[in-house]
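K.L.:
Have a look at this one.
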2 protein chains.
Amino acid sequence: MYLEKINSPSDLKNLSTEQMTVLAREIREDLIYRISQTGGHLGSNMGIVELTIAIHHVFDTPKDKVVFDVSHQVYIHKMLTGRRELQDFAGYANPDESEYDMFKTGHTSTSISLACGLAKARDILGTKENVIAVIGDGSLDGGESFEGLNYGGELGTGLIVIVNDNDISIAENHGYLHTHLAYLRNHNGKSENNYFKALGYDYVFINDGNNIAKLTEALRKVKGTDHPVVVHVCTQKGKGFKPAEEDRENWHWAKPFDKETGEFKNKAVKPGYASVTADYLLEKMKKDSKLVVVTSASPTCIGFNRENREKAGSQFVDLGICEQNAVSFTAALARGGCKAVYATNSTFIQRAYDQKEQEMCLGKCPMTLIVTHGSVYGHWNDVQSGLLDIVLLSNIPHLTYLAPTNAQEYLAMLGWSLEQNKLPIAIRVPGQAIFSNFENLDSDYSDPRFLVKQKGKKVAVIALGGFFSLGEETVKLYEETTGEKATLINPRFIGCDAKALEELKKDHSVVVTVEDGILSGGFGEKIAAYYANSSMRVLCYGFGPDIPVRYNPKELMEQNRLTPSCIVEDIQSALAVI
Amino acid sequence: MYLEKINSPSDLKNLSTEQMTVLAREIREDLIYRISQTGGHLGSNMGIVELTIAIHHVFDTPKDKVVFDVSHQVYIHKMLTGRRELQDFAGYANPDESEYDMFKTGHTSTSISLACGLAKARDILGTKENVIAVIGDGSLDGGESFEGLNYGGELGTGLIVIVNDNDISIAENHGYLHTHLAYLRNHNGKSENNYFKALGYDYVFINDGNNIAKLTEALRKVKGTDHPVVVHVCTQKGKGFKPAEEDRENWHWAKPFDKETGEFKNKAVKPGYASVTADYLLEKMKKDSKLVVVTSASPTCIGFNRENREKAGSQFVDLGICEQNAVSFTAALARGGCKAVYATNSTFIQRAYDQKEQEMCLGKCPMTLIVTHGSVYGHWNDVQSGLLDIVLLSNIPHLTYLAPTNAQEYLAMLGWSLEQNKLPIAIRVPGQAIFSNFENLDSDYSDPRFLVKQKGKKVAVIALGGFFSLGEETVKLYEETTGEKATLINPRFIGCDAKALEELKKDHSVVVTVEDGILSGGFGEKIAAYYANSSMRVLCYGFGPDIPVRYNPKELMEQNRLTPSCIVEDIQSALAVI
């Protein structure tokens, strides 16, 4: 076993090509075993085994600096840099963990910009190290990759950009660049109009990017370059695990699985919000040819798997990883007369704020933005948290950000939004297990109002979206504890309903807010500010700024006193001193 | 005079080339006259006169849809679409103003994405109109322009992208793409690796983009295209006004001027924050070769005019219009061992949130972000407001957002930030006229605290950053009115100092917050939330969500009760009912 003896990249230096080929096999076995236990990004890592070995074999890391884009392919890098036994093996690059990781990166397309900064710092400090960005073909679609390439070409000093081209993003690739890359792949790197050369790069093509000998030979040639070079490496996603080779989309990120049969464990039995959304939109599409649904490389966040994408035909558009384009594009679809929906994960909301504030909202383009995974249950990592979308979206002037509490309410809101043509609307899909409640659905959410679900007195709990059930449990426990009924409110949107809040002043003295997001800049602060010049006491529950690198949602909730017993305890303390 | 007879583009249809050439001359005279009175984007508009005429002559607007990127070149478009007499001539595209404007756009690089959305809507609806994006060479640097081009190439149906190449951004262009464009310009559109062709576009080159005949001929050929085409048009920025032809940077946006001599009226006599920043950083650079300052196409926001850029040499980097790249790049500069500063306008902060939250802050890269124009005095428009940066930056976990009240405090904070290497720091440059106050400067802002400038009782005014002077006037008026001294606090950072806020509970019953930004998600809401479960009354002053298309800062402040007399009146009302 070679793998056991690799404690740092220096242990790779004297290995022969044959030995590294054996090592690659050992790494694959280990990867399959580990990911089968924990789940993780299987496909991308299986494809990049040889490339990672070759990089650490040829370059002098950590003096030479390597930036892996987005971190979804760093497992081998972690294995080779002394972190083989790390329990949190499937996590992201983390500078707190290793000097071989320089940045926290949770979304694509930043590696070239980061490498440019390291290259410029090197030039300023007068050192001589190599700077290498490793970026997947899918990540090239994000505009920042172009911005980085464009500046790297101007900088003109040593910079190596390794394009790990496995011919697929999470789902299939989108954007003409992939037609271009396919042409290069099919013509041994020859093409009349080379994108990378147009931006000032030398261009090296490696057809078999899973061949250690070819990789080390090519990397040795570019090592020490004094100008920018793109090394276009063709690799096979999922290589070495047959199910992943055959179904690359479903093995991009794999749930725990049986490594003999390739069957996923813990199959979802109940439909989730993703499939509910897809079913609803597909049904609507059949009846309305003007409905167009847009995603940016995460189509399954709303259940548009391959089969559903085919069903939708030209009424579904995946744009690749380009959230800025997605917002402007969808706003224009709506302005052009379509019923237009853009759906994305909460964490990717962070990539396009300006376009939402300007093109979408100031320009009043009546598009619908569906935000999924906006919840402590969303991603469980600091770099891909689902806890910041409330502060981003709910403070955009004149954007109505709806927060349904259950599936029926969600579909009522979505259905209304699709049919109206006046307002840009965002909808936050609850992060919790799906449930339905047919009561109190509205047919118009253009001027949404808080909904009183239970009328009590003295204490009111305003429980937002997916945390409505926590509000329900809280008022129940409060009644059990004190014998008094508290008011329970489903606010339905992230903002203030002045009439409802005024009403509470009559016979309430404590208002509690509960939200599935960070407190700073969020929903609770708006309610607190509303009552700031009154005698109402407001208790706000949500998350503090400390989001752990990886977390257990239940534990994080407990740490933030997001439990019925903590909240009831605090209410009683507040009542005691009024 | 032809211009007087043009009430809509249909009046252009029957004009001959010669007549349109005369019209172009008339338009230039009118432009010079108008901008000399009001100020405005002179250079870009002077260059695009013929192209705008040709577009409206050849295409059937508004059925054919034209999207002008960022709006800094729409004055002629406004003239030709019935808005010649509009008082607010120098404003942005505005769909509320005309059916010829489809979107609100306040920042670059969105036009191709928007055009793609319109093209897709056309394909879905089965109509046949032309869709045209008009984008400047500088705007091509923004990653979204690549994202849009990349998708347009894939969409494959009719799309015309007119690249208005005047060979300059606001300042000189940056990024290798401009070397490529220059090659195309110098070789009559011929180049081995054509960027646009690599992305799936047909490519048409027009050498003399200020020649009506050549323009109309070329546009007629691409009219009705069933596939994507780039028309690369070379124009001269500032054409027809000698001072603007000769000094393109200073005439990009011109203050009111004497149209005979080209001299600007109302010359600034006192140094502003821009020049204070440049002087300070240049002096630091001389002593410290590790200091690197980065901007993204607006170098003069911190006074780095041409002369200062030359002085700074390789220690100054303008990246072109690419805020995402700029944040990642600067974070990496800092991680690579430089003292790294990125400076940008508040409104452009909106273009890169994710990179600030992740690469900069989660990764704890000790860079300094200088935010200028974050103020009601910043830009005076809805699409380029400086009122949203507080909500964006102050809610990023673990980012310290400092808010100096005057020049000395600003430089003390900046100086400290440059020398520390632990924390990412943002600094909000005050928006008001510069003044200095040498008292109470700290040497360490790593754990900033509120500063009590005047100790009073009952009422405390916490006046943030540039609005500190409003706080001073308020406590003065309060004392004059009531004979009582109020406490006055300079919070120095945008967050809560728990100790100071607790202290106030002892002998204060009303706390007032004053901030130069929107209230929703801002500073005041944090203070209100802090006191939410106490008897403290909090009054928050800032801006509501209604930011007019164009506004007078003083009027907007009055509308939002941001005057000493309104605030004192409200304090008295609050005290009366406690």
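Chain labels follow the order of the structure tokens: the first chain is A, the next B, and so on; residue numbering restarts at 1 in every chain, and ligands are counted from 1 in their shown order.
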Hey, what's within 12 Å of Leu125 in chain B if we count only C-alpha atoms and toss same-chain stuff fewer than 6 positions away? As a count of residues only, please?
P.N.:
15
K.L.:
As a compact mmCIF listing (two decimals) with C-alpha atoms, in the first residue's frame, please: the residues near Asp444 in chain B (cut-off 8 Å, only C-alpha atoms, same-chain neighbours under 2 positions excluded).
P.N.:
```
# COMPACT_ATOMS: atom_id res chain seq x y z
CA MET B 413 -8.91 53.61 10.72
CA TRP B 416 -4.63 50.77 11.37
CA ASP B 442 -7.71 55.27 18.36
CA SER B 446 -9.91 45.46 15.94
CA ASP B 447 -12.58 45.48 18.62
CA PRO B 448 -14.19 48.89 18.06
```
K.L.:
Excluding Asp389 in chain A and any residue of its chain fewer than 3 positions from it, enumerate the residues within 7 Å of it, using only C-alpha atoms, and give them as a short mmCIF file (atom, residue, chain, number, x, y, z; two decimals) with all heavy atoms, in the first residue's frame.
P.N.:
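Once everything was written out, this is around_13.cif:
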```cif
data_model
loop_
_atom_site.label_atom_id
_atom_site.label_comp_id
_atom_site.auth_asym_id
_atom_site.auth_seq_id
_atom_site.Cartn_x
_atom_site.Cartn_y
_atom_site.Cartn_z
N SER A 346 -30.51 28.89 -1.90
CA SER A 346 -30.25 30.07 -1.08
C SER A 346 -28.79 30.52 -1.16
O SER A 346 -28.50 31.70 -1.33
CB SER A 346 -30.62 29.77 0.37
OG SER A 346 -30.07 30.71 1.24
N ILE A 349 -27.96 32.54 -4.19
CA ILE A 349 -28.55 33.87 -4.18
C ILE A 349 -27.47 34.93 -4.01
O ILE A 349 -27.55 36.03 -4.52
CB ILE A 349 -29.52 33.98 -2.97
CG1 ILE A 349 -30.79 33.23 -3.23
CG2 ILE A 349 -29.83 35.43 -2.60
CD1 ILE A 349 -31.65 33.88 -4.25
N GLY A 374 -33.08 27.43 1.72
CA GLY A 374 -32.89 28.58 2.60
C GLY A 374 -33.29 28.18 4.01
O GLY A 374 -34.39 28.48 4.44
N GLY A 386 -27.51 28.20 4.16
CA GLY A 386 -28.76 28.70 3.58
C GLY A 386 -29.38 29.75 4.50
O GLY A 386 -30.59 29.93 4.52
N LEU A 392 -30.51 39.24 2.50
CA LEU A 392 -30.25 39.75 1.16
C LEU A 392 -31.53 40.19 0.45
O LEU A 392 -31.59 41.27 -0.13
CB LEU A 392 -29.56 38.68 0.31
CG LEU A 392 -28.07 38.52 0.54
CD1 LEU A 392 -27.50 37.42 -0.33
CD2 LEU A 392 -27.33 39.83 0.24
N LEU A 393 -32.54 39.34 0.48
CA LEU A 393 -33.73 39.61 -0.34
C LEU A 393 -34.77 40.46 0.36
O LEU A 393 -35.45 41.27 -0.28
CB LEU A 393 -34.37 38.29 -0.80
CG LEU A 393 -33.51 37.42 -1.72
CD1 LEU A 393 -34.29 36.18 -2.13
CD2 LEU A 393 -33.06 38.17 -2.96
#
```
K.L.:
Just want the 8 Å neighbourhood of range 221-229 of chain A, counted on only C-alpha atoms, with same-chain residues fewer than 5 positions away dropped. Output as number ranges by chain.
P.N.:
A: 58-59, 129-130, 152-153, 156-161, 200-204
K.L.:
If you count only C-alpha atoms, which residues fall within 9 Å of Gly91 in chain A, apart from same-chain ones fewer than 2 positions away, as a VMD selection string?
P.N.:
chain A and resid 40 71 to 72 74 to 75 88 to 89 93 to 94 381 549 to 550
K.L.:
With C-alpha atoms kept, could you save the residues just selected as a PDB file, in the first residue's frame?
P.N.:
```pdb
ATOM      1  CA  GLY A  40     -19.955  13.281  -0.828  1.00  0.00           C
ATOM      2  CA  SER A  71     -13.603  22.603  -3.329  1.00  0.00           C
ATOM      3  CA  HIS A  72     -15.794  19.884  -4.785  1.00  0.00           C
ATOM      4  CA  VAL A  74     -10.339  18.407  -3.013  1.00  0.00           C
ATOM      5  CA  TYR A  75     -10.723  15.005  -1.353  1.00  0.00           C
ATOM      6  CA  ASP A  88     -14.718  15.538   8.099  1.00  0.00           C
ATOM      7  CA  PHE A  89     -13.140  14.261   4.956  1.00  0.00           C
ATOM      8  CA  ALA A  93     -10.920  23.577   1.444  1.00  0.00           C
ATOM      9  CA  ASN A  94     -10.115  25.179   4.752  1.00  0.00           C
ATOM     10  CA  ASN A 381     -21.618  24.087   6.031  1.00  0.00           C
ATOM     11  CA  VAL A 549     -17.575  24.831   9.399  1.00  0.00           C
ATOM     12  CA  ARG A 550     -19.886  21.806   9.482  1.00  0.00           C
TER      13      ARG A 550
END
```
K.L.:
Just how far from CA of Pro404 in chain B is CA of Leu539 in chain B, in Å to one decimal?
P.N.:
21.8 Å
K.L.:
Leaving out Ile135 in chain A and any residue of its chain fewer than 4 positions from it, which residues lie within 6 Å of it when counting only C-alpha atoms, given as a list in words?
P.N.:
Asp69, Val163 and Asn164 of chain A
K.L.:
May I have the residues from that selection written out with all heavy atoms, as a PDB file, in the first residue's frame?
P.N.:
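File written: result_27.pdb
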```
ATOM      1  N   ASP A  69     -10.800  25.172  -7.508  1.00  0.00           N
ATOM      2  CA  ASP A  69     -12.065  25.891  -7.601  1.00  0.00           C
ATOM      3  C   ASP A  69     -13.148  25.200  -6.783  1.00  0.00           C
ATOM      4  O   ASP A  69     -13.286  23.977  -6.826  1.00  0.00           O
ATOM      5  CB  ASP A  69     -12.495  25.973  -9.072  1.00  0.00           C
ATOM      6  CG  ASP A  69     -13.438  27.130  -9.325  1.00  0.00           C
ATOM      7  OD1 ASP A  69     -12.955  28.261  -9.461  1.00  0.00           O
ATOM      8  OD2 ASP A  69     -14.668  26.907  -9.363  1.00  0.00           O
ATOM      9  N   VAL A 163      -7.547  23.493 -16.671  1.00  0.00           N
ATOM     10  CA  VAL A 163      -8.976  23.282 -16.901  1.00  0.00           C
ATOM     11  C   VAL A 163      -9.238  21.782 -16.868  1.00  0.00           C
ATOM     12  O   VAL A 163      -8.770  21.041 -17.742  1.00  0.00           O
ATOM     13  CB  VAL A 163      -9.427  23.884 -18.253  1.00  0.00           C
ATOM     14  CG1 VAL A 163     -10.888  23.545 -18.527  1.00  0.00           C
ATOM     15  CG2 VAL A 163      -9.217  25.392 -18.255  1.00  0.00           C
ATOM     16  N   ASN A 164      -9.914  21.349 -15.823  1.00  0.00           N
ATOM     17  CA  ASN A 164     -10.243  19.937 -15.650  1.00  0.00           C
ATOM     18  C   ASN A 164     -11.562  19.685 -16.369  1.00  0.00           C
ATOM     19  O   ASN A 164     -12.631  19.902 -15.824  1.00  0.00           O
ATOM     20  CB  ASN A 164     -10.359  19.621 -14.153  1.00  0.00           C
ATOM     21  CG  ASN A 164     -10.905  18.234 -13.893  1.00  0.00           C
ATOM     22  OD1 ASN A 164     -10.651  17.303 -14.663  1.00  0.00           O
ATOM     23  ND2 ASN A 164     -11.655  18.091 -12.812  1.00  0.00           N
TER      24      ASN A 164
END
```
K.L.:
Based on the backbone DSSP call, show me all residues of range 82-180 of chain A assigned strand (DSSP E or B), as an MDAnalysis selection string.
P.N.:
chainID A and resid 131:136 159:165
